[in-house]
file my_file-v6.pdb (PDB, C-alpha atoms)
ATOM      1  CA  LEU S   1     -72.625 -29.069  13.664
ATOM      2  CA  ILE S   2     -73.596 -27.439  16.903
ATOM      3  CA  GLY S   3     -74.551 -29.994  19.509
ATOM      4  CA  GLY S   4     -78.152 -30.746  20.272
ATOM      5  CA  THR S   5     -80.948 -33.161  19.445
ATOM      6  CA  THR S   6     -82.115 -33.767  15.898
ATOM      7  CA  SER S   7     -85.795 -33.188  15.085
ATOM      8  CA  GLY S   8     -85.827 -34.073  11.410
ATOM      9  CA  THR S   9     -83.655 -34.815   8.413
ATOM     10  CA  THR S  10     -83.716 -35.146   4.643
ATOM     11  CA  ALA S  11     -81.186 -35.762   1.900
ATOM     12  CA  GLY S  12     -82.865 -36.325  -1.429
ATOM     13  CA  THR S  13     -86.465 -36.855  -0.308
ATOM     14  CA  THR S  14     -89.241 -34.442   0.527
ATOM     15  CA  GLY S  15     -91.398 -36.379   2.972
ATOM     16  CA  GLY S  16     -93.069 -34.695   5.936
ATOM     17  CA  THR S  17     -96.117 -32.551   6.405
ATOM     18  CA  THR S  18     -96.853 -28.867   6.015
ATOM     19  CA  SER S  19     -96.748 -26.755   9.170
ATOM     20  CA  GLY S  20     -97.872 -23.556   7.465
ATOM     21  CA  THR S  21     -98.542 -22.102   4.032
ATOM     22  CA  THR S  22     -97.339 -19.175   1.988
ATOM     23  CA  GLY S  23     -99.036 -19.722  -1.357
ATOM     24  CA  GLY S  24     -97.934 -18.439  -4.747
ATOM     25  CA  THR S  25     -94.443 -18.057  -6.142
ATOM     26  CA  THR S  26     -91.565 -15.736  -5.511
ATOM     27  CA  GLY S  27     -91.493 -12.954  -8.063
ATOM     28  CA  GLY S  28     -90.241  -9.434  -8.615
ATOM     29  CA  SER S  29     -86.987  -8.008  -9.894
ATOM     30  CA  THR S  30     -83.633  -6.805  -8.660
ATOM     31  CA  THR S  31     -80.110  -6.318  -9.951
ATOM     32  CA  GLY S  32     -76.745  -7.862  -9.218
ATOM     33  CA  GLY S  33     -76.325  -9.594  -5.871
ATOM     34  CA  ASP S  34     -77.880  -6.768  -3.900
ATOM     35  CA  ILE S  35     -81.151  -6.971  -1.996
ATOM     36  CA  GLY S  36     -84.163  -4.776  -2.668
ATOM     37  CA  GLY S  37     -87.223  -6.789  -3.710
ATOM     38  CA  ILE S  38     -85.448 -10.096  -4.167
ATOM     39  CA  VAL S  39     -86.200 -12.894  -6.619
ATOM     40  CA  CYS S  40     -85.320 -16.397  -5.420
ATOM     41  CA  ASN S  41     -86.109 -19.285  -7.734
ATOM     42  CA  PRO S  42     -84.064 -21.896  -9.662
ATOM     43  CA  THR S  43     -83.926 -19.799 -12.855
ATOM     44  CA  SER S  44     -83.327 -16.385 -11.295
ATOM     45  CA  ASP S  45     -80.176 -14.493 -12.221
ATOM     46  CA  THR S  46     -80.097 -12.862  -8.778
ATOM     47  CA  PHE S  47     -80.940 -15.301  -5.947
ATOM     48  CA  ARG S  48     -81.410 -19.066  -6.091
ATOM     49  CA  PRO S  49     -82.724 -21.464  -3.447
ATOM     50  CA  ILE S  50     -80.818 -24.306  -1.833
ATOM     51  CA  ARG S  51     -83.156 -27.178  -2.604
ATOM     52  CA  LEU S  52     -83.517 -30.835  -3.470
ATOM     53  CA  PRO S  53     -82.035 -32.928  -4.947
ATOM     54  CA  ASP S  54     -78.782 -31.181  -3.987
ATOM     55  CA  ALA S  55     -79.739 -30.259  -0.426
ATOM     56  CA  ALA S  56     -80.349 -31.620   3.052
ATOM     57  CA  ALA S  57     -82.177 -30.069   5.997
ATOM     58  CA  THR S  58     -82.152 -30.950   9.681
ATOM     59  CA  GLY S  59     -83.645 -29.516  12.830
ATOM     60  CA  GLN S  60     -82.086 -29.610  16.261
ATOM     61  CA  VAL S  61     -82.493 -28.154  19.749
ATOM     62  CA  ASN S  62     -79.504 -26.536  21.437
ATOM     63  CA  GLY S  63     -79.170 -26.560  25.213
ATOM     64  CA  ILE S  64     -82.069 -27.111  27.608
ATOM     65  CA  CYS S  65     -85.169 -25.941  25.798
ATOM     66  CA  VAL S  66     -88.424 -27.507  26.968
ATOM     67  CA  GLY S  67     -91.072 -26.942  24.320
ATOM     68  CA  CYS S  68     -88.590 -25.992  21.597
ATOM     69  CA  ARG S  69     -88.788 -27.823  18.291
ATOM     70  CA  VAL S  70     -88.249 -27.576  14.531
ATOM     71  CA  ASP S  71     -91.253 -28.857  12.593
ATOM     72  CA  ASN S  72     -90.772 -30.335   9.117
ATOM     73  CA  PRO S  73     -87.218 -29.180   8.351
ATOM     74  CA  GLU S  74     -87.430 -30.938   4.965
ATOM     75  CA  ASN S  75     -89.990 -28.364   3.823
ATOM     76  CA  ALA S  76     -87.256 -25.710   3.699
ATOM     77  CA  VAL S  77     -85.538 -27.491   0.820
ATOM     78  CA  ASP S  78     -88.446 -28.848  -1.218
ATOM     79  CA  ALA S  79     -89.705 -27.238  -4.411
ATOM     80  CA  ASP S  80     -93.087 -26.233  -2.982
ATOM     81  CA  PHE S  81     -93.589 -22.636  -1.839
ATOM     82  CA  ASP S  82     -96.740 -23.784  -0.019
ATOM     83  CA  THR S  83     -94.777 -25.788   2.562
ATOM     84  CA  VAL S  84     -92.685 -24.376   5.401
ATOM     85  CA  SER S  85     -90.500 -25.471   8.266
ATOM     86  CA  THR S  86     -91.377 -23.898  11.614
ATOM     87  CA  LEU S  87     -89.114 -23.061  14.547
ATOM     88  CA  VAL S  88     -91.056 -22.935  17.812
ATOM     89  CA  THR S  89     -89.844 -21.679  21.171
ATOM     90  CA  PRO S  90     -91.608 -20.607  24.389
ATOM     91  CA  VAL S  91     -91.616 -16.877  25.130
ATOM     92  CA  GLY S  92     -89.287 -15.827  27.957
ATOM     93  CA  LEU S  93     -86.926 -18.738  27.554
ATOM     94  CA  LEU S  94     -83.503 -17.927  28.979
ATOM     95  CA  THR S  95     -81.507 -20.893  27.663
ATOM     96  CA  GLY S  96     -81.648 -23.136  24.640
ATOM     97  CA  SER S  97     -82.965 -22.644  21.123
ATOM     98  CA  PRO S  98     -84.306 -24.519  18.099
ATOM     99  CA  GLN S  99     -82.078 -24.488  15.017
ATOM    100  CA  LEU S 100     -82.694 -25.212  11.331
ATOM    101  CA  ASN S 101     -79.719 -26.350   9.230
ATOM    102  CA  VAL S 102     -79.803 -26.212   5.421
ATOM    103  CA  ILE S 103     -76.877 -27.800   3.568
ATOM    104  CA  ASP S 104     -76.029 -27.549  -0.124
ATOM    105  CA  THR S 105     -74.601 -30.947  -0.980
ATOM    106  CA  ALA S 106     -73.330 -29.925  -4.430
ATOM    107  CA  THR S 107     -72.037 -26.348  -4.180
ATOM    108  CA  THR S 108     -69.643 -24.395  -1.994
ATOM    109  CA  TYR S 109     -70.364 -20.674  -2.308
ATOM    110  CA  PRO S 110     -67.531 -18.149  -2.285
ATOM    111  CA  ALA S 111     -67.259 -15.433   0.320
ATOM    112  CA  GLY S 112     -69.157 -12.287  -0.576
ATOM    113  CA  ARG S 113     -72.439 -13.892  -1.684
ATOM    114  CA  ARG S 114     -75.489 -12.629   0.180
ATOM    115  CA  ALA S 115     -77.302 -15.549   1.824
ATOM    116  CA  GLY S 116     -80.166 -16.149   4.190
ATOM    117  CA  PHE S 117     -83.709 -17.375   4.733
ATOM    118  CA  VAL S 118     -87.159 -16.416   3.459
ATOM    119  CA  ILE S 119     -89.218 -16.283   6.661
ATOM    120  CA  PHE S 120     -92.504 -15.062   8.119
ATOM    121  CA  ASP S 121     -94.447 -15.064  11.384
ATOM    122  CA  PRO S 122     -97.252 -17.674  11.229
ATOM    123  CA  ALA S 123     -99.238 -15.540  13.699
ATOM    124  CA  GLY S 124     -99.597 -12.885  11.024
ATOM    125  CA  PRO S 125     -97.795  -9.650  11.963
ATOM    126  CA  LEU S 126     -95.378  -8.209   9.430
ATOM    127  CA  LEU S 127     -91.868  -9.065  10.534
ATOM    128  CA  THR S 128     -89.568  -6.203  11.512
ATOM    129  CA  LEU S 129     -85.998  -6.224  12.749
ATOM    130  CA  ASP S 130     -87.301  -5.337  16.220
ATOM    131  CA  LEU S 131     -89.158  -8.663  16.311
ATOM    132  CA  LEU S 132     -86.046 -10.569  15.244
ATOM    133  CA  GLN S 133     -83.647  -9.579  18.012
ATOM    134  CA  SER S 134     -83.243 -13.215  19.083
ATOM    135  CA  ILE S 135     -82.431 -14.672  15.639
ATOM    136  CA  THR S 136     -78.955 -15.635  14.443
ATOM    137  CA  VAL S 137     -77.993 -16.718  10.926
ATOM    138  CA  VAL S 138     -74.788 -18.764  10.629
ATOM    139  CA  ALA S 139     -72.746 -19.715   7.569
ATOM    140  CA  ALA S 140     -70.729 -22.951   7.795
ATOM    141  CA  ARG S 141     -68.482 -25.040   5.589
ATOM    142  CA  ASN S 142     -68.387 -28.808   5.909
ATOM    143  CA  GLY S 143     -69.912 -28.557   9.381
ATOM    144  CA  ASP S 144     -67.641 -25.814  10.732
ATOM    145  CA  GLU S 145     -68.989 -22.324  11.396
ATOM    146  CA  VAL S 146     -67.238 -19.638   9.320
ATOM    147  CA  ASP S 147     -69.360 -16.531   9.983
ATOM    148  CA  ARG S 148     -72.537 -15.354  11.691
ATOM    149  CA  ALA S 149     -74.800 -12.340  11.922
ATOM    150  CA  THR S 150     -77.473 -11.116  14.329
ATOM    151  CA  VAL S 151     -79.829  -8.171  14.708
ATOM    152  CA  PRO S 152     -78.691  -5.418  14.602
ATOM    153  CA  THR S 153     -75.177  -6.632  13.685
ATOM    154  CA  GLY S 154     -75.034  -7.708  10.062
ATOM    155  CA  LEU S 155     -78.508  -9.044   9.314
ATOM    156  CA  ALA S 156     -80.676  -7.269   6.735
ATOM    157  CA  LEU S 157     -84.437  -7.717   6.305
ATOM    158  CA  ASP S 158     -85.915  -7.274   2.855
ATOM    159  CA  LEU S 159     -89.230  -7.749   1.077
ATOM    160  CA  LEU S 160     -89.614 -10.300  -1.668
ATOM    161  CA  GLY S 161     -89.899  -8.910  -5.165
ATOM    162  CA  GLY S 162     -93.579  -9.776  -5.347
ATOM    163  CA  THR S 163     -96.341 -10.578  -2.879
ATOM    164  CA  LEU S 164     -96.937 -14.295  -2.456
ATOM    165  CA  ILE S 165    -100.489 -14.811  -3.657
ATOM    166  CA  GLY S 166    -102.776 -15.815  -0.806
ATOM    167  CA  ALA S 167    -100.228 -15.046   1.899
ATOM    168  CA  GLY S 168    -101.758 -13.317   4.889
ATOM    169  CA  ASN S 169     -98.306 -12.930   6.371
ATOM    170  CA  GLU S 170     -95.811 -11.324   4.044
ATOM    171  CA  PRO S 171     -92.530 -13.261   3.893
ATOM    172  CA  ARG S 172     -89.247 -11.386   4.280
ATOM    173  CA  PHE S 173     -85.676 -12.249   3.333
ATOM    174  CA  LEU S 174     -83.348 -12.251   6.363
ATOM    175  CA  SER S 175     -79.771 -12.280   5.101
ATOM    176  CA  PHE S 176     -76.123 -11.308   5.471
ATOM    177  CA  VAL S 177     -72.885 -11.541   3.488
ATOM    178  CA  PRO S 178     -70.567 -14.276   4.824
ATOM    179  CA  SER S 179     -66.873 -13.378   4.834
ATOM    180  CA  ALA S 180     -65.735 -16.931   4.005
ATOM    181  CA  ASP S 181     -66.697 -19.763   1.670
ATOM    182  CA  PHE S 182     -69.756 -21.752   2.845
ATOM    183  CA  ASN S 183     -72.085 -24.605   1.920
ATOM    184  CA  GLU S 184     -74.461 -24.517   4.868
ATOM    185  CA  LEU S 185     -76.808 -21.965   6.449
ATOM    186  CA  ARG S 186     -78.226 -22.216   9.966
ATOM    187  CA  LEU S 187     -81.100 -20.299  11.533
ATOM    188  CA  THR S 188     -81.220 -20.196  15.342
ATOM    189  CA  TYR S 189     -84.081 -18.627  17.257
ATOM    190  CA  SER S 190     -84.471 -18.113  21.014
ATOM    191  CA  GLY S 191     -87.494 -16.713  22.836
ATOM    192  CA  LEU S 192     -85.696 -14.195  25.022
ATOM    193  CA  LEU S 193     -87.464 -12.184  27.703
ATOM    194  CA  GLY S 194     -89.458  -9.405  26.053
ATOM    195  CA  THR S 195     -89.731 -11.323  22.773
ATOM    196  CA  VAL S 196     -93.291 -11.620  21.447
ATOM    197  CA  LEU S 197     -92.421 -13.817  18.488
ATOM    198  CA  GLN S 198     -93.078 -17.486  19.353
ATOM    199  CA  GLN S 199     -92.716 -19.083  15.926
ATOM    200  CA  VAL S 200     -90.699 -18.458  12.781
ATOM    201  CA  ALA S 201     -91.772 -20.103   9.535
ATOM    202  CA  VAL S 202     -89.048 -20.758   6.952
ATOM    203  CA  VAL S 203     -89.967 -21.058   3.266
ATOM    204  CA  GLN S 204     -86.475 -21.605   1.852
ATOM    205  CA  ALA S 205     -82.800 -20.634   2.034
ATOM    206  CA  CYS S 206     -81.405 -18.444  -0.754
ATOM    207  CA  VAL S 207     -77.958 -17.423  -1.986
ATOM    208  CA  SER S 208     -77.109 -14.624  -4.414
ATOM    209  CA  VAL S 209     -75.821 -15.626  -7.834
ATOM    210  CA  ASN S 210     -73.354 -12.737  -7.962
ATOM    211  CA  PRO S 211     -71.219 -11.016  -5.293
ATOM    212  CA  ALA S 212     -73.277  -8.817  -3.016
ATOM    213  CA  VAL S 213     -73.433  -5.076  -3.622
ATOM    214  CA  LEU S 214     -72.542  -3.656  -0.245
ATOM    215  CA  PRO S 215     -73.419  -0.125   0.947
TER
END

call {"tool": "encode", "arguments": {"input": "my_file-v6.pdb", "output": "structure tokens"}}
result
Amino acid sequence: LIGGTTSGTTAGTTGGTTSGTTGGTTGGSTTGGDIGGIVCNPTSDTFRPIRLPDAAATGQVNGICVGCRVDNPENAVDADFDTVSTLVTPVGLLTGSPQLNVIDTATTYPAGRRAGFVIFDPAGPLLTLDLLQSITVVAARNGDEVDRATVPTGLALDLLGGTLIGAGNEPRFLSFVPSADFNELRLTYSGLLGTVLQQVAVVQACVSVNPAVLP
């Protein structure tokens, strides 16, 4: 894993507290492994979450990052859509970043599966790619990075297939298609100069069941 300080861990338990809510369940429909109104739940034939009991989640801070933290990383792998993990970073930070790591302890996914995180802004605005310029999603295998994507290089932002009931902030699916096998996803967020987004809430990590349909 990338060096830094750990701010939480889980491997088979769900303890911790909620640092935000989304409410409801993930619904909608899509086809194949493509995005476009995604469905991510344990019985979906399109996208499925990385979750307990076959998952672990940790939070860490990379570099010098006063005020950075990852709250409740375990909430990103529990079975409750009402709980989230939150990455927090001061605006205008030039170095350092909080990072959420989600590991599938039972499955290694083949290259070509679309993967990423269901996220939203706890402050309320609808997330756009312009607001996510400082986010990186990394795919890793057994602790070693195998691929990564940023905005605007590689990352796609998509609506969920159905609105989460009671959600004042509509979650989006931030994803890419790793070019190598992987069993871990990492979300890194830095508050660069000009960035107005101070927090990113993560509901869960999802991986497509079938190979992605690329443009």

call {"tool": "resolve_selection", "arguments": {"input": "my_file-v6.pdb", "expression": "the PyMOL selection byres ((chain S and resi 200-211) around 6)", "output": "PyMOL selection string"}}
result
chain S and resi 33+46-50+76+84-87+112-121+199+212

call {"tool": "closest_residue", "arguments": {"input": "my_file-v6.pdb", "among": "S:Gln60, S:Ser44, S:Gln133, S:Thr150", "to": "Val88 of chain S", "atoms": "only C-alpha atoms"}}
result
S:Gln60

call {"tool": "closest_residue", "arguments": {"input": "my_file-v6.pdb", "among": "S:Val137, S:Ile38, S:Leu100, S:Val77", "to": "Val61 of chain S", "atoms": "only C-alpha atoms"}}
result
S:Leu100

call {"tool": "residues_near_point", "arguments": {"input": "my_file-v6.pdb", "point": "(-66.3, -18.3, 4.9)", "cutoff": "7 Å", "atoms": "all atoms listed in the file", "output": "ChimeraX atom specification"}}
result
/S:111,146-147,178-182

call {"tool": "write_last_selection", "arguments": {"input": "my_file-v6.pdb", "atoms": "C-alpha atoms", "output": "PDB file, keeping the file's coordinate frame"}}
result
ATOM      1  CA  ALA S 111     -67.259 -15.433   0.320  1.00  0.00           C
ATOM      2  CA  VAL S 146     -67.238 -19.638   9.320  1.00  0.00           C
ATOM      3  CA  ASP S 147     -69.360 -16.531   9.983  1.00  0.00           C
ATOM      4  CA  PRO S 178     -70.567 -14.276   4.824  1.00  0.00           C
ATOM      5  CA  SER S 179     -66.873 -13.378   4.834  1.00  0.00           C
ATOM      6  CA  ALA S 180     -65.735 -16.931   4.005  1.00  0.00           C
ATOM      7  CA  ASP S 181     -66.697 -19.763   1.670  1.00  0.00           C
ATOM      8  CA  PHE S 182     -69.756 -21.752   2.845  1.00  0.00           C
TER       9      PHE S 182
END

call {"tool": "residues_around", "arguments": {"input": "my_file-v6.pdb", "residues": "Asp104 of chain S", "least_positions_apart": "4", "cutoff": "8 Å", "atoms": "all atoms listed in the file", "output": "list of chain:residue names"}}
result
S:Ile50, S:Arg51, S:Asp54, S:Ala55, S:Ala56, S:Thr108, S:Asn183, S:Glu184

call {"tool": "write_last_selection", "arguments": {"input": "my_file-v6.pdb", "atoms": "C-alpha atoms", "output": "CSV table (one decimal), in the frame of the given file"}}
result
chain,number,residue,atom,x,y,z
S,50,ILE,CA,-80.8,-24.3,-1.8
S,51,ARG,CA,-83.2,-27.2,-2.6
S,54,ASP,CA,-78.8,-31.2,-4.0
S,55,ALA,CA,-79.7,-30.3,-0.4
S,56,ALA,CA,-80.3,-31.6,3.1
S,108,THR,CA,-69.6,-24.4,-2.0
S,183,ASN,CA,-72.1,-24.6,1.9
S,184,GLU,CA,-74.5,-24.5,4.9

call {"tool": "atom_distance", "arguments": {"input": "my_file-v6.pdb", "atom1": "atom CA of Ala140 of chain S", "atom2": "atom CA of Pro42 of chain S"}}
result
22.0 Å

call {"tool": "atom_distance", "arguments": {"input": "my_file-v6.pdb", "atom1": "atom CA of Phe173 of chain S", "atom2": "atom CA of Thr105 of chain S"}}
result
22.2 Å

call {"tool": "atom_distance", "arguments": {"input": "my_file-v6.pdb", "atom1": "atom CA of Thr58 of chain S", "atom2": "atom CA of Ser134 of chain S"}}
result
20.1 Å

call {"tool": "closest_residue", "arguments": {"input": "my_file-v6.pdb", "among": "S:Pro122, S:Gly63, S:Gly154, S:Pro73", "to": "Ile135 of chain S", "atoms": "all atoms listed in the file"}}
result
S:Gly154

call {"tool": "resolve_selection", "arguments": {"input": "my_file-v6.pdb", "expression": "the PyMOL selection byres ((chain S and resi 96) around 6)", "output": "PDB file with C-alpha atoms, keeping the file's coordinate frame"}}
result
ATOM      1  CA  ASN S  62     -79.504 -26.536  21.437  1.00  0.00           C
ATOM      2  CA  GLY S  63     -79.170 -26.560  25.213  1.00  0.00           C
ATOM      3  CA  ILE S  64     -82.069 -27.111  27.608  1.00  0.00           C
ATOM      4  CA  CYS S  65     -85.169 -25.941  25.798  1.00  0.00           C
ATOM      5  CA  THR S  95     -81.507 -20.893  27.663  1.00  0.00           C
ATOM      6  CA  SER S  97     -82.965 -22.644  21.123  1.00  0.00           C
TER       7      SER S  97
END

call {"tool": "residues_around", "arguments": {"input": "my_file-v6.pdb", "residues": "Val138 of chain S", "least_positions_apart": "4", "cutoff": "6 Å", "atoms": "all atoms listed in the file", "output": "list of chain:residue names"}}
result
S:Asp147, S:Arg148, S:Leu185, S:Arg186

call {"tool": "axis_aligned_box", "arguments": {"input": "my_file-v6.pdb", "around": "segment 98-116 of chain S", "padding_each_side": "6 Å", "output": "AutoDock Vina command-line options"}}
result
--center_x -75.8 --center_y -21.6 --center_z 6.8 --size_x 29.0 --size_y 30.7 --size_z 34.5

call {"tool": "closest_residue", "arguments": {"input": "my_file-v6.pdb", "among": "S:Thr153, S:Thr43, S:Thr83, S:Thr89", "to": "Gly67 of chain S", "atoms": "all atoms listed in the file"}}
result
S:Thr89

call {"tool": "decode", "arguments": {"input": "my_file-v6.pdb", "residues": "segment 77-96 of chain S", "atoms": "N, CA, C and O atoms", "output": "short mmCIF file (atom, residue, chain, number, x, y, z; two decimals), in the first residue's frame"}}
result
data_model
loop_
_atom_site.label_atom_id
_atom_site.label_comp_id
_atom_site.auth_asym_id
_atom_site.auth_seq_id
_atom_site.Cartn_x
_atom_site.Cartn_y
_atom_site.Cartn_z
N VAL S 77 -17.81 -0.75 3.21
CA VAL S 77 -17.92 -2.17 2.88
C VAL S 77 -19.02 -2.88 3.67
O VAL S 77 -19.15 -4.09 3.61
N ASP S 78 -19.83 -2.11 4.43
CA ASP S 78 -20.93 -2.76 5.13
C ASP S 78 -22.12 -2.92 4.19
O ASP S 78 -22.06 -2.53 3.03
N ALA S 79 -23.18 -3.51 4.70
CA ALA S 79 -24.34 -3.79 3.85
C ALA S 79 -25.42 -2.72 3.97
O ALA S 79 -26.53 -2.91 3.47
N ASP S 80 -25.09 -1.60 4.59
CA ASP S 80 -26.08 -0.55 4.85
C ASP S 80 -25.84 0.64 3.94
O ASP S 80 -24.81 1.31 4.03
N PHE S 81 -26.82 0.94 3.07
CA PHE S 81 -26.69 2.09 2.18
C PHE S 81 -26.80 3.41 2.94
O PHE S 81 -26.51 4.47 2.39
N ASP S 82 -27.24 3.36 4.19
CA ASP S 82 -27.40 4.58 4.98
C ASP S 82 -26.11 5.04 5.64
O ASP S 82 -26.08 6.08 6.28
N THR S 83 -25.04 4.24 5.55
CA THR S 83 -23.78 4.62 6.16
C THR S 83 -22.75 4.93 5.07
O THR S 83 -22.76 4.32 4.01
N VAL S 84 -21.87 5.88 5.35
CA VAL S 84 -20.84 6.25 4.38
C VAL S 84 -19.50 6.44 5.08
O VAL S 84 -19.43 6.67 6.28
N SER S 85 -18.45 6.35 4.29
CA SER S 85 -17.13 6.78 4.71
C SER S 85 -16.88 8.15 4.08
O SER S 85 -17.32 8.40 2.96
N THR S 86 -16.20 9.03 4.80
CA THR S 86 -16.00 10.39 4.31
C THR S 86 -14.53 10.76 4.27
O THR S 86 -13.83 10.61 5.28
N LEU S 87 -14.08 11.22 3.10
CA LEU S 87 -12.73 11.75 2.95
C LEU S 87 -12.80 13.26 3.10
O LEU S 87 -13.60 13.91 2.43
N VAL S 88 -11.98 13.80 4.00
CA VAL S 88 -12.01 15.23 4.30
C VAL S 88 -10.63 15.81 4.07
O VAL S 88 -9.61 15.24 4.50
N THR S 89 -10.59 16.96 3.39
CA THR S 89 -9.31 17.63 3.16
C THR S 89 -9.53 19.14 3.11
O THR S 89 -10.56 19.60 2.61
N PRO S 90 -8.62 19.94 3.66
CA PRO S 90 -8.75 21.39 3.59
C PRO S 90 -8.65 21.89 2.16
O PRO S 90 -7.88 21.35 1.36
N VAL S 91 -9.41 22.92 1.83
CA VAL S 91 -9.31 23.53 0.50
C VAL S 91 -7.98 24.25 0.37
O VAL S 91 -7.49 24.87 1.31
N GLY S 92 -7.37 24.17 -0.82
CA GLY S 92 -6.12 24.87 -1.08
C GLY S 92 -4.88 24.13 -0.64
O GLY S 92 -3.78 24.68 -0.67
N LEU S 93 -5.05 22.90 -0.22
CA LEU S 93 -3.91 22.11 0.21
C LEU S 93 -3.01 21.77 -0.97
O LEU S 93 -3.48 21.34 -2.01
N LEU S 94 -1.71 21.98 -0.82
CA LEU S 94 -0.79 21.74 -1.92
C LEU S 94 -0.13 20.37 -1.86
O LEU S 94 0.31 19.84 -2.87
N THR S 95 -0.04 19.78 -0.66
CA THR S 95 0.59 18.47 -0.54
C THR S 95 -0.27 17.58 0.34
O THR S 95 -1.00 18.05 1.21
N GLY S 96 -0.16 16.29 0.14
CA GLY S 96 -0.86 15.34 0.99
C GLY S 96 -2.29 15.11 0.56
O GLY S 96 -2.90 15.91 -0.15
#
